Structures are given as structure tokens and as C-alpha cells.
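J.: This is my_file13.cif (mmCIF, C-alpha atoms, pLDDT in the B column; chains and numbers go by the auth columns).
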```
data_work
loop_
_atom_site.group_PDB
_atom_site.id
_atom_site.type_symbol
_atom_site.label_atom_id
_atom_site.label_comp_id
_atom_site.label_asym_id
_atom_site.label_seq_id
_atom_site.Cartn_x
_atom_site.Cartn_y
_atom_site.Cartn_z
_atom_site.B_iso_or_equiv
_atom_site.auth_seq_id
_atom_site.auth_asym_id
ATOM 1 C CA MET A 1 -32.910 -5.391 2.616 43.00 1 A
ATOM 2 C CA ALA A 2 -32.490 -7.042 6.011 46.00 2 A
ATOM 3 C CA SER A 3 -33.361 -10.418 4.513 45.00 3 A
ATOM 4 C CA LEU A 4 -30.239 -10.254 2.340 49.00 4 A
ATOM 5 C CA VAL A 5 -27.866 -9.984 5.285 49.00 5 A
ATOM 6 C CA CYS A 6 -25.421 -12.857 5.179 50.00 6 A
ATOM 7 C CA GLU A 7 -23.825 -13.513 8.491 81.00 7 A
ATOM 8 C CA VAL A 8 -21.537 -16.081 6.979 91.00 8 A
ATOM 9 C CA LEU A 9 -19.235 -15.647 4.015 94.00 9 A
ATOM 10 C CA LYS A 10 -18.042 -18.885 2.472 95.00 10 A
ATOM 11 C CA ILE A 11 -14.685 -18.776 0.726 97.00 11 A
ATOM 12 C CA PRO A 12 -13.229 -21.808 -1.078 98.00 12 A
ATOM 13 C CA LYS A 13 -9.793 -22.705 0.276 98.00 13 A
ATOM 14 C CA ALA A 14 -8.078 -22.208 -3.108 98.00 14 A
ATOM 15 C CA ILE A 15 -9.473 -18.674 -3.361 98.00 15 A
ATOM 16 C CA ARG A 16 -8.560 -17.881 0.249 98.00 16 A
ATOM 17 C CA ASP A 17 -5.012 -19.086 -0.436 98.00 17 A
ATOM 18 C CA SER A 18 -4.659 -17.040 -3.631 98.00 18 A
ATOM 19 C CA MET A 19 -5.872 -13.896 -1.842 98.00 19 A
ATOM 20 C CA ILE A 20 -3.295 -14.420 0.920 98.00 20 A
ATOM 21 C CA ALA A 21 -0.534 -15.116 -1.627 98.00 21 A
ATOM 22 C CA HIS A 22 -1.456 -11.918 -3.506 98.00 22 A
ATOM 23 C CA CYS A 23 -1.225 -9.936 -0.258 98.00 23 A
ATOM 24 C CA ILE A 24 2.189 -11.410 0.556 98.00 24 A
ATOM 25 C CA ASP A 25 3.384 -10.732 -3.013 98.00 25 A
ATOM 26 C CA GLY A 26 2.316 -7.116 -2.610 98.00 26 A
ATOM 27 C CA LEU A 27 4.508 -6.430 0.424 97.00 27 A
ATOM 28 C CA PRO A 28 5.645 -3.935 1.568 97.00 28 A
ATOM 29 C CA ASP A 29 2.549 -2.279 0.063 97.00 29 A
ATOM 30 C CA GLU A 30 -1.036 -3.135 0.795 97.00 30 A
ATOM 31 C CA ALA A 31 -2.563 -5.440 -1.800 98.00 31 A
ATOM 32 C CA CYS A 32 -6.172 -5.647 -2.933 98.00 32 A
ATOM 33 C CA GLY A 33 -8.635 -7.476 -5.117 98.00 33 A
ATOM 34 C CA LEU A 34 -12.303 -8.053 -5.765 98.00 34 A
ATOM 35 C CA VAL A 35 -14.520 -11.040 -5.058 98.00 35 A
ATOM 36 C CA ALA A 36 -17.508 -12.241 -7.053 97.00 36 A
ATOM 37 C CA ALA A 37 -20.509 -14.384 -6.135 95.00 37 A
ATOM 38 C CA ALA A 38 -23.663 -15.544 -7.857 91.00 38 A
ATOM 39 C CA SER A 39 -25.827 -12.632 -8.972 77.00 39 A
ATOM 40 C CA SER A 40 -28.538 -11.141 -6.821 65.00 40 A
ATOM 41 C CA GLY A 41 -27.734 -12.955 -3.605 58.00 41 A
ATOM 42 C CA ALA A 42 -28.772 -16.270 -5.198 56.00 42 A
ATOM 43 C CA SER A 43 -26.713 -18.190 -2.669 61.00 43 A
ATOM 44 C CA THR A 44 -27.272 -17.739 1.038 73.00 44 A
ATOM 45 C CA PRO A 45 -24.911 -17.620 2.781 79.00 45 A
ATOM 46 C CA ALA A 46 -22.837 -15.869 0.153 89.00 46 A
ATOM 47 C CA LEU A 47 -20.230 -18.055 -1.500 94.00 47 A
ATOM 48 C CA VAL A 48 -17.227 -16.429 -3.156 96.00 48 A
ATOM 49 C CA GLU A 49 -16.980 -18.093 -6.569 96.00 49 A
ATOM 50 C CA LYS A 50 -14.140 -16.101 -8.037 97.00 50 A
ATOM 51 C CA CYS A 51 -11.570 -13.548 -6.982 98.00 51 A
ATOM 52 C CA TYR A 52 -9.758 -10.957 -9.037 98.00 52 A
ATOM 53 C CA LEU A 53 -6.248 -10.059 -7.920 98.00 53 A
ATOM 54 C CA THR A 54 -5.903 -6.391 -8.810 98.00 54 A
ATOM 55 C CA LYS A 55 -3.110 -3.864 -8.652 98.00 55 A
ATOM 56 C CA ASN A 56 -3.064 -1.377 -5.794 98.00 56 A
ATOM 57 C CA ALA A 57 -3.179 1.871 -7.760 97.00 57 A
ATOM 58 C CA ALA A 58 -2.220 3.782 -4.583 96.00 58 A
ATOM 59 C CA ARG A 59 1.065 1.783 -4.337 97.00 59 A
ATOM 60 C CA SER A 60 1.214 2.442 -0.622 96.00 60 A
ATOM 61 C CA ALA A 61 1.756 0.512 2.598 95.00 61 A
ATOM 62 C CA LYS A 62 -1.081 2.487 4.187 94.00 62 A
ATOM 63 C CA LEU A 63 -3.615 2.994 1.417 96.00 63 A
ATOM 64 C CA TYR A 64 -5.149 0.943 -1.323 97.00 64 A
ATOM 65 C CA ALA A 65 -7.151 1.732 -4.425 97.00 65 A
ATOM 66 C CA VAL A 66 -8.338 -1.012 -6.744 97.00 66 A
ATOM 67 C CA ASP A 67 -6.935 -0.245 -10.191 97.00 67 A
ATOM 68 C CA PRO A 68 -9.935 1.263 -12.028 96.00 68 A
ATOM 69 C CA LEU A 69 -9.384 -0.519 -15.352 96.00 69 A
ATOM 70 C CA GLU A 70 -8.882 -3.870 -13.644 97.00 70 A
ATOM 71 C CA HIS A 71 -12.106 -3.224 -11.748 97.00 71 A
ATOM 72 C CA LEU A 72 -13.938 -2.654 -15.045 97.00 72 A
ATOM 73 C CA LYS A 73 -12.482 -5.871 -16.513 97.00 73 A
ATOM 74 C CA ALA A 74 -13.376 -7.839 -13.380 97.00 74 A
ATOM 75 C CA ASP A 75 -16.909 -6.455 -13.429 95.00 75 A
ATOM 76 C CA ARG A 76 -17.394 -7.516 -17.042 95.00 76 A
ATOM 77 C CA ASP A 77 -15.827 -10.924 -16.507 96.00 77 A
ATOM 78 C CA ALA A 78 -18.033 -11.551 -13.489 95.00 78 A
ATOM 79 C CA GLU A 79 -21.141 -10.578 -15.416 92.00 79 A
ATOM 80 C CA SER A 80 -20.261 -12.829 -18.344 94.00 80 A
ATOM 81 C CA ASN A 81 -19.949 -15.719 -15.869 94.00 81 A
ATOM 82 C CA GLY A 82 -23.318 -15.070 -14.227 92.00 82 A
ATOM 83 C CA LEU A 83 -21.603 -13.521 -11.216 94.00 83 A
ATOM 84 C CA GLU A 84 -21.322 -10.057 -9.768 92.00 84 A
ATOM 85 C CA ILE A 85 -18.683 -8.266 -7.747 94.00 85 A
ATOM 86 C CA VAL A 86 -19.853 -8.518 -4.155 94.00 86 A
ATOM 87 C CA GLY A 87 -16.851 -7.348 -2.225 96.00 87 A
ATOM 88 C CA VAL A 88 -13.250 -6.370 -1.932 97.00 88 A
ATOM 89 C CA PHE A 89 -10.295 -7.711 -0.010 98.00 89 A
ATOM 90 C CA HIS A 90 -7.193 -5.861 1.051 98.00 90 A
ATOM 91 C CA SER A 91 -4.262 -6.407 3.331 97.00 91 A
ATOM 92 C CA HIS A 92 -3.285 -4.658 6.500 97.00 92 A
ATOM 93 C CA THR A 93 0.447 -5.149 6.594 96.00 93 A
ATOM 94 C CA HIS A 94 1.069 -4.191 10.226 95.00 94 A
ATOM 95 C CA THR A 95 -2.358 -3.891 11.820 95.00 95 A
ATOM 96 C CA GLU A 96 -5.222 -6.193 12.742 96.00 96 A
ATOM 97 C CA ALA A 97 -7.775 -7.494 10.241 96.00 97 A
ATOM 98 C CA TYR A 98 -10.311 -4.856 11.225 96.00 98 A
ATOM 99 C CA PRO A 99 -11.626 -1.960 9.091 97.00 99 A
ATOM 100 C CA SER A 100 -9.780 1.312 9.628 95.00 100 A
ATOM 101 C CA PRO A 101 -11.621 4.648 9.779 94.00 101 A
ATOM 102 C CA THR A 102 -10.496 5.225 6.155 93.00 102 A
ATOM 103 C CA ASP A 103 -11.907 1.839 5.149 94.00 103 A
ATOM 104 C CA VAL A 104 -15.247 2.709 6.718 95.00 104 A
ATOM 105 C CA ALA A 105 -15.376 6.224 5.305 91.00 105 A
ATOM 106 C CA GLN A 106 -14.664 4.980 1.788 90.00 106 A
ATOM 107 C CA ALA A 107 -16.773 1.807 1.782 89.00 107 A
ATOM 108 C CA PRO A 108 -18.852 2.306 -1.342 81.00 108 A
ATOM 109 C CA ASP A 109 -21.543 -0.325 -1.101 88.00 109 A
ATOM 110 C CA PRO A 110 -23.630 -1.414 1.926 89.00 110 A
ATOM 111 C CA THR A 111 -24.197 -4.843 0.361 89.00 111 A
ATOM 112 C CA TRP A 112 -20.494 -5.620 -0.131 93.00 112 A
ATOM 113 C CA HIS A 113 -18.286 -7.910 1.877 95.00 113 A
ATOM 114 C CA TYR A 114 -15.163 -6.150 3.104 97.00 114 A
ATOM 115 C CA ILE A 115 -12.499 -8.795 3.584 98.00 115 A
ATOM 116 C CA LEU A 116 -9.412 -7.864 5.591 98.00 116 A
ATOM 117 C CA ILE A 117 -6.225 -9.897 5.534 98.00 117 A
ATOM 118 C CA SER A 118 -3.785 -9.075 8.306 98.00 118 A
ATOM 119 C CA LEU A 119 -0.129 -9.896 7.758 97.00 119 A
ATOM 120 C CA LYS A 120 0.818 -8.557 11.146 96.00 120 A
ATOM 121 C CA ARG A 121 1.762 -11.990 12.472 96.00 121 A
ATOM 122 C CA GLU A 122 3.393 -15.006 10.911 94.00 122 A
ATOM 123 C CA MET A 123 -0.006 -16.595 10.226 96.00 123 A
ATOM 124 C CA PRO A 124 -2.208 -14.377 8.019 97.00 124 A
ATOM 125 C CA VAL A 125 -5.659 -13.662 9.466 98.00 125 A
ATOM 126 C CA VAL A 126 -8.714 -13.385 7.188 98.00 126 A
ATOM 127 C CA ARG A 127 -11.868 -11.699 8.475 98.00 127 A
ATOM 128 C CA SER A 128 -14.884 -10.172 6.753 97.00 128 A
ATOM 129 C CA TYR A 129 -17.243 -7.321 7.526 96.00 129 A
ATOM 130 C CA LEU A 130 -20.330 -5.555 6.294 94.00 130 A
ATOM 131 C CA ILE A 131 -20.131 -1.767 6.495 94.00 131 A
ATOM 132 C CA ARG A 132 -23.449 0.065 6.482 92.00 132 A
ATOM 133 C CA ASP A 133 -23.931 3.721 7.314 91.00 133 A
ATOM 134 C CA GLY A 134 -20.554 3.733 9.021 92.00 134 A
ATOM 135 C CA LYS A 135 -21.449 0.720 11.181 94.00 135 A
ATOM 136 C CA ILE A 136 -19.145 -2.306 11.088 95.00 136 A
ATOM 137 C CA THR A 137 -20.649 -5.780 11.436 95.00 137 A
ATOM 138 C CA GLU A 138 -18.350 -8.774 11.350 95.00 138 A
ATOM 139 C CA GLU A 139 -19.490 -11.880 9.512 95.00 139 A
ATOM 140 C CA GLU A 140 -18.052 -15.324 9.971 95.00 140 A
ATOM 141 C CA VAL A 141 -15.632 -16.500 7.286 96.00 141 A
ATOM 142 C CA VAL A 142 -16.101 -20.196 6.577 96.00 142 A
ATOM 143 C CA VAL A 143 -13.407 -21.760 4.416 97.00 143 A
ATOM 144 C CA VAL A 144 -14.879 -24.505 2.258 96.00 144 A
ATOM 145 C CA GLY A 145 -13.469 -27.201 -0.043 88.00 145 A
ATOM 146 C CA MET B 1 -29.620 16.474 -40.335 47.00 1 B
ATOM 147 C CA GLU B 2 -28.282 15.969 -36.826 53.00 2 B
ATOM 148 C CA ARG B 3 -28.927 12.539 -35.491 58.00 3 B
ATOM 149 C CA THR B 4 -29.400 11.631 -31.843 68.00 4 B
ATOM 150 C CA LEU B 5 -26.646 9.357 -30.622 78.00 5 B
ATOM 151 C CA SER B 6 -27.642 6.177 -28.872 88.00 6 B
ATOM 152 C CA ILE B 7 -25.590 5.816 -25.695 96.00 7 B
ATOM 153 C CA GLU B 8 -25.944 3.293 -22.907 97.00 8 B
ATOM 154 C CA ILE B 9 -24.986 3.892 -19.283 98.00 9 B
ATOM 155 C CA ARG B 10 -24.245 0.842 -17.140 96.00 10 B
ATOM 156 C CA LEU B 11 -24.861 1.420 -13.453 95.00 11 B
ATOM 157 C CA PRO B 12 -23.215 -0.202 -10.435 91.00 12 B
ATOM 158 C CA THR B 13 -25.438 -1.985 -7.913 86.00 13 B
ATOM 159 C CA VAL B 14 -25.042 0.776 -5.378 87.00 14 B
ATOM 160 C CA LEU B 15 -26.509 3.426 -7.725 92.00 15 B
ATOM 161 C CA ARG B 16 -29.322 1.370 -9.263 93.00 16 B
ATOM 162 C CA THR B 17 -31.809 2.479 -6.619 93.00 17 B
ATOM 163 C CA HIS B 18 -31.744 5.917 -8.242 96.00 18 B
ATOM 164 C CA ALA B 19 -32.868 4.355 -11.535 97.00 19 B
ATOM 165 C CA ALA B 20 -35.702 2.219 -10.149 96.00 20 B
ATOM 166 C CA GLY B 21 -33.378 -0.799 -10.122 94.00 21 B
ATOM 167 C CA ALA B 22 -32.340 -0.596 -13.782 95.00 22 B
ATOM 168 C CA THR B 23 -28.864 -1.925 -14.630 93.00 23 B
ATOM 169 C CA THR B 24 -28.598 0.124 -17.814 96.00 24 B
ATOM 170 C CA VAL B 25 -30.151 3.376 -18.955 97.00 25 B
ATOM 171 C CA ALA B 26 -30.325 4.668 -22.541 97.00 26 B
ATOM 172 C CA VAL B 27 -29.284 8.315 -22.754 97.00 27 B
ATOM 173 C CA GLU B 28 -28.542 10.979 -25.322 94.00 28 B
ATOM 174 C CA GLY B 29 -25.641 13.347 -25.689 94.00 29 B
ATOM 175 C CA SER B 30 -22.571 14.039 -27.773 95.00 30 B
ATOM 176 C CA THR B 31 -20.280 14.369 -24.743 96.00 31 B
ATOM 177 C CA LEU B 32 -20.020 12.490 -21.470 97.00 32 B
ATOM 178 C CA GLY B 33 -21.302 15.550 -19.603 97.00 33 B
ATOM 179 C CA GLU B 34 -24.403 15.717 -21.804 96.00 34 B
ATOM 180 C CA ALA B 35 -25.028 12.002 -21.404 97.00 35 B
ATOM 181 C CA LEU B 36 -24.808 12.289 -17.597 97.00 36 B
ATOM 182 C CA ASN B 37 -27.184 15.283 -17.715 96.00 37 B
ATOM 183 C CA SER B 38 -29.577 13.146 -19.705 96.00 38 B
ATOM 184 C CA LEU B 39 -29.362 10.519 -16.948 97.00 39 B
ATOM 185 C CA VAL B 40 -30.207 13.129 -14.285 97.00 40 B
ATOM 186 C CA THR B 41 -33.125 14.390 -16.401 97.00 41 B
ATOM 187 C CA GLN B 42 -34.562 10.880 -16.510 97.00 42 B
ATOM 188 C CA TYR B 43 -33.715 10.028 -12.913 97.00 43 B
ATOM 189 C CA PRO B 44 -33.271 13.148 -10.746 97.00 44 B
ATOM 190 C CA GLY B 45 -31.882 10.983 -7.916 96.00 45 B
ATOM 191 C CA PHE B 46 -28.517 11.021 -9.721 96.00 46 B
ATOM 192 C CA GLU B 47 -28.132 14.732 -9.109 95.00 47 B
ATOM 193 C CA GLY B 48 -24.829 15.178 -7.275 94.00 48 B
ATOM 194 C CA GLN B 49 -24.033 11.428 -7.311 93.00 49 B
ATOM 195 C CA ILE B 50 -21.651 11.333 -10.265 96.00 50 B
ATOM 196 C CA VAL B 51 -20.992 14.977 -11.043 96.00 51 B
ATOM 197 C CA THR B 52 -20.366 17.328 -8.116 95.00 52 B
ATOM 198 C CA ALA B 53 -22.146 20.657 -7.603 92.00 53 B
ATOM 199 C CA GLU B 54 -18.924 22.233 -8.928 93.00 54 B
ATOM 200 C CA GLY B 55 -19.353 20.373 -12.200 94.00 55 B
ATOM 201 C CA THR B 56 -16.510 17.871 -11.879 95.00 56 B
ATOM 202 C CA LEU B 57 -16.564 14.095 -11.654 96.00 57 B
ATOM 203 C CA HIS B 58 -17.046 12.824 -8.125 94.00 58 B
ATOM 204 C CA LYS B 59 -13.910 11.183 -6.756 90.00 59 B
ATOM 205 C CA PHE B 60 -15.888 8.266 -5.339 90.00 60 B
ATOM 206 C CA VAL B 61 -16.816 6.966 -8.774 95.00 61 B
ATOM 207 C CA ASN B 62 -14.842 5.815 -11.784 97.00 62 B
ATOM 208 C CA VAL B 63 -16.408 6.512 -15.156 98.00 63 B
ATOM 209 C CA TYR B 64 -15.417 4.764 -18.363 98.00 64 B
ATOM 210 C CA VAL B 65 -16.312 5.232 -22.009 98.00 65 B
ATOM 211 C CA ASN B 66 -16.058 1.761 -23.502 97.00 66 B
ATOM 212 C CA ASP B 67 -12.660 0.531 -22.208 94.00 67 B
ATOM 213 C CA ASP B 68 -11.170 3.858 -21.165 96.00 68 B
ATOM 214 C CA ASP B 69 -11.137 5.683 -17.842 96.00 69 B
ATOM 215 C CA VAL B 70 -12.445 9.157 -18.708 97.00 70 B
ATOM 216 C CA ARG B 71 -9.928 10.781 -16.351 95.00 71 B
ATOM 217 C CA TYR B 72 -7.376 9.925 -19.037 95.00 72 B
ATOM 218 C CA LEU B 73 -9.641 11.138 -21.840 96.00 73 B
ATOM 219 C CA ASP B 74 -11.318 14.537 -21.704 96.00 74 B
ATOM 220 C CA LYS B 75 -13.288 13.912 -18.505 96.00 75 B
ATOM 221 C CA LEU B 76 -16.791 15.364 -18.874 97.00 76 B
ATOM 222 C CA GLU B 77 -15.852 16.812 -22.265 97.00 77 B
ATOM 223 C CA THR B 78 -15.096 13.340 -23.661 97.00 78 B
ATOM 224 C CA LYS B 79 -16.752 13.038 -27.073 97.00 79 B
ATOM 225 C CA LEU B 80 -19.166 10.176 -27.591 97.00 80 B
ATOM 226 C CA SER B 81 -19.959 8.159 -30.684 96.00 81 B
ATOM 227 C CA ASP B 82 -23.106 6.261 -31.555 94.00 82 B
ATOM 228 C CA GLY B 83 -23.244 2.994 -29.634 95.00 83 B
ATOM 229 C CA ASP B 84 -20.743 3.994 -26.944 97.00 84 B
ATOM 230 C CA VAL B 85 -21.155 2.401 -23.551 97.00 85 B
ATOM 231 C CA ILE B 86 -20.529 4.439 -20.425 98.00 86 B
ATOM 232 C CA SER B 87 -19.762 2.377 -17.333 98.00 87 B
ATOM 233 C CA ILE B 88 -19.888 3.760 -13.810 97.00 88 B
ATOM 234 C CA LEU B 89 -18.256 1.870 -10.960 96.00 89 B
ATOM 235 C CA PRO B 90 -17.588 2.834 -7.356 94.00 90 B
ATOM 236 C CA ALA B 91 -13.982 3.805 -6.654 95.00 91 B
ATOM 237 C CA VAL B 92 -12.832 1.044 -4.309 96.00 92 B
ATOM 238 C CA ALA B 93 -10.265 2.340 -1.861 95.00 93 B
ATOM 239 C CA GLY B 94 -9.304 2.492 1.785 93.00 94 B
ATOM 240 C CA GLY B 95 -6.322 2.258 4.045 83.00 95 B
ATOM 241 C CA ALA B 96 -4.775 0.857 7.175 68.00 96 B
#
```
Would you give me this structure, written as C-alpha cells?

T.:
Amino acid sequence: MASLVCEVLKIPKAIRDSMIAHCIDGLPDEACGLVAAASSGASTPALVEKCYLTKNAARSAKLYAVDPLEHLKADRDAESNGLEIVGVFHSHTHTEAYPSPTDVAQAPDPTWHYILISLKREMPVVRSYLIRDGKITEEEVVVVG
Amino acid sequence: MERTLSIEIRLPTVLRTHAAGATTVAVEGSTLGEALNSLVTQYPGFEGQIVTAEGTLHKFVNVYVNDDDVRYLDKLETKLSDGDVISILPAVAGGA
């Protein structure tokens, strides 16, 4: 699977902005959502084509859980558009944009992009990681368009 | 005469390796538990992946029958009808 490693994640500006807005709207709780890209790693580096702004079912400033029914709807919508869910974003309201031990322990998919949005400072910070076997690898986020 | 129900299970990417890469698997069963047993019979790699050794749904997955989260139905006892689609997705969660 090493050939599928994308060291760059491209995110269109409009999608980046809507993810940040969703995270700010969610304050004081953490906010979350899912991102979709072309199926089967068709684009290299990965390009986020769509994002789904989901509810945080944990309704917590320290935890997030993507609402299960919204996840199902997003998964179906992505598939019907020739896309697949390839990652998740969530906010850290008072900490850096780096995966927490909980994030690492609960990362479900080694192929996913784990996007962190820190609202710790005035300017939100967006970073992305791959989490495999408990190992965190940062990938470069390139904002396009 | 009892008829075998035709049920489809849709698998998330992360679990497809256990089914030789298949995205969907046709199973049999009149309840969710039976359908998931049928999946394990066909692909033993699913043993312990969706249902725990204690016989409950694993907390790291969400399981749906058609549009409903089975935690709000009858969990593994949820009755199935011909043509039902079971979806399995990873539970996506974490924290600061």
C-alpha cells in the first residue's frame, strides 16, 4: 500500500473555509465532518472534492463523534457522486492542530486523512495527518483554487 | 415453505480486506445477528471485528439496517426483511 501514500492533501479554498466556519459555529464544542475524494485514490495527490459538515454526537469541548446517521448519508452521497469518504476533520478548540492520544487510539482507517483545525489562536490552523498503527505522519495541506 | 431472505451487507473500506476486497457481500439470515454470522461463515476474518467475543456489537463500528442505526432498533436481534441492506461504517470519533 506504500504506493498510495499521499504526502500532500489538496483542499479547495471554499471547502477549507467551510470547514473552518463549521468549527467556529460549533464552539464551545469540538466540531467535525467528513471529506470525500475521487474513489480508489484516482487522484494523486489526494484532492478533497467535497466535505460533509456533520453534528458532533458527543456534544463536547473535548471529544467528538461523527453523527452515525449523517455519516451513512455522507457515505451514500459520496458514492453516488463517484467519490468516497477519505477522511475526517475536527476542531481542537484550545490545543494545537496535532492528533491527541484519543485521536490516534480511535483512528479507524489507515488510509484516511485526519484533518485537525486548531482554534487556539485568532487565526485557525489547518493541518493533516495519516495515522497508521499508532504512528502519526503529517502531510502537507495545499489550499487550491 | 420457508424462504431464504436475500440480504446485502455493505462494507467500509477498512474492513474489505477481510472479504477479499469485496464492497458488498450477499448473506442470509432473518435477524442482524444471523446475517453477521453468515458473513463470518463466508469470510472468517470478520470474526471479532463487528461482534465482540461477548456477543455484542463492537463500539468501533456503526451498523445500519437500511436507514436506521441498529442501536436504536433491536441491535443484533433486529429483524430483517427480504432485500434489506445492512451497512457497516467505522465509528469516527476522537478528542482533544

J.: Taking all atoms listed in the file into account, produce a table as CSV in which each residue of range 27-139 of chain A with an atom at most 9 Å from an atom of range 50-63 of chain B appears once, together with its shortest atom pair and the distance in Å to one decimal, ordered by chain and rising number.

T.:
```
residue,atom,partner,partner_atom,distance
A:Pro68,CA,B:Asn62,CA,6.7
A:Gln106,CA,B:Phe60,CA,7.9
A:Pro108,CA,B:Phe60,CA,7.8
```

J.: Find, counting all atoms listed in the file, the residue in B:Gly33, B:Pro12, B:Gly83, B:Gly45 that gets nearest to chain A.

T.: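 Nearest to chain A: B:Pro12.
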
J.: As a ChimeraX atom specification, please: the residues near range 128-139 of chain A (cut-off 8 Å, only C-alpha atoms, same-chain neighbours under 2 positions excluded).

T.: /A:6-9,99,104-105,107,109-116,126,141

J.: Which residues of chain A come within 6 Å of chain B, and what is each one's closest atom pair and distance in Å (one decimal), counting all atoms listed in the file, sorted by chain and residue number, as a tab-separated table?

T.:
```
residue	atom	partner	partner_atom	distance
A:Lys62	CA	B:Ala96	CA	5.0
A:Leu63	CA	B:Gly95	CA	3.8
A:Tyr64	CA	B:Ala93	CA	5.3
A:Ala65	CA	B:Ala93	CA	4.1
A:Val66	CA	B:Val92	CA	5.5
A:His92	CA	B:Ala96	CA	5.8
A:Ser100	CA	B:Ala96	CA	5.6
A:Thr102	CA	B:Gly94	CA	5.3
A:Asp103	CA	B:Gly94	CA	4.3
A:Gln106	CA	B:Gly94	CA	5.9
A:Asp109	CA	B:Val14	CA	5.6
```

J.: Could you tell me which residues the PyMOL selection byres ((chain A and resi 95) around 9) returns for this structure, as a PyMOL selection string?

T.: (chain A and resi 92-94+96-98+118-120) or (chain B and resi 96)

J.: Pick the closest to Gln49 in chain B from B:Thr23, B:Thr31, B:Asn37, B:Thr78: which is it, counting only C-alpha atoms?

T.: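 Among B:Thr23, B:Thr31, B:Asn37, B:Thr78, it is B:Asn37 that comes nearest to Gln49 in chain B.
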
J.: Written as a list in words, what is the full residue list that the PyMOL selection byres ((chain B and resi 84) around 7) yields on the file shown?

T.: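 In the shown coordinates, the PyMOL selection byres ((chain B and resi 84) around 7) covers Ile7, Glu8, Val65, Asn66, Leu80, Ser81, Asp82, Gly83, Val85 and Ile86 of chain B.
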
J.: For this file, the PyMOL selection byres ((chain A and resi 27-36) around 8) selects which residues, as an NGL selection string?

T.: :A and (19 or 22-26 or 37-38 or 48-56 or 59-66 or 71 or 74 or 78 or 83-93)

J.: So, with all atoms listed in the file as the atoms that count, which of B:Leu11, B:Leu76, B:Ala26, B:Ala20 lies closest to Tyr43 in chain B?

T.: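 That would be B:Ala20, the residue with the smallest distance to Tyr43 in chain B.
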
J.: Record the distance separating CA of Ile9 in chain B and CA of Thr44 in chain A, expressed in Å with one decimal.

T.: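 Interatomic distance, CA of Ile9 in chain B to CA of Thr44 in chain A: 29.8 Å.
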
J.: Counting only C-alpha atoms, which residues come within 10 Å of (-11.6, -21.5, 9.6), with the point read in the file's coordinates, and could you list them as a list of chain:residue names?

T.: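 Collected hits near the coordinates: A:Lys10, A:Ile11, A:Lys13, A:Val125, A:Val126, A:Arg127, A:Glu140, A:Val141, A:Val142, A:Val143, A:Val144.
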
J.: Deliver the residues from the most recent selection as a file, using C-alpha atoms, as a PDB file, keeping the file's coordinate frame.

T.:
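Once everything was written out, this is out.pdb:
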```pdb
ATOM      1  CA  LYS A  10     -18.042 -18.885   2.472  1.00 95.00           C
ATOM      2  CA  ILE A  11     -14.685 -18.776   0.726  1.00 97.00           C
ATOM      3  CA  LYS A  13      -9.793 -22.705   0.276  1.00 98.00           C
ATOM      4  CA  VAL A 125      -5.659 -13.662   9.466  1.00 98.00           C
ATOM      5  CA  VAL A 126      -8.714 -13.385   7.188  1.00 98.00           C
ATOM      6  CA  ARG A 127     -11.868 -11.699   8.475  1.00 98.00           C
ATOM      7  CA  GLU A 140     -18.052 -15.324   9.971  1.00 95.00           C
ATOM      8  CA  VAL A 141     -15.632 -16.500   7.286  1.00 96.00           C
ATOM      9  CA  VAL A 142     -16.101 -20.196   6.577  1.00 96.00           C
ATOM     10  CA  VAL A 143     -13.407 -21.760   4.416  1.00 97.00           C
ATOM     11  CA  VAL A 144     -14.879 -24.505   2.258  1.00 96.00           C
TER      12      VAL A 144
END
```

J.: Work out how far apart CA of Ser80 in chain A and CA of Pro12 in chain A are and give it in Å to one decimal.

T.: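 Interatomic distance, CA of Ser80 in chain A to CA of Pro12 in chain A: 20.7 Å.
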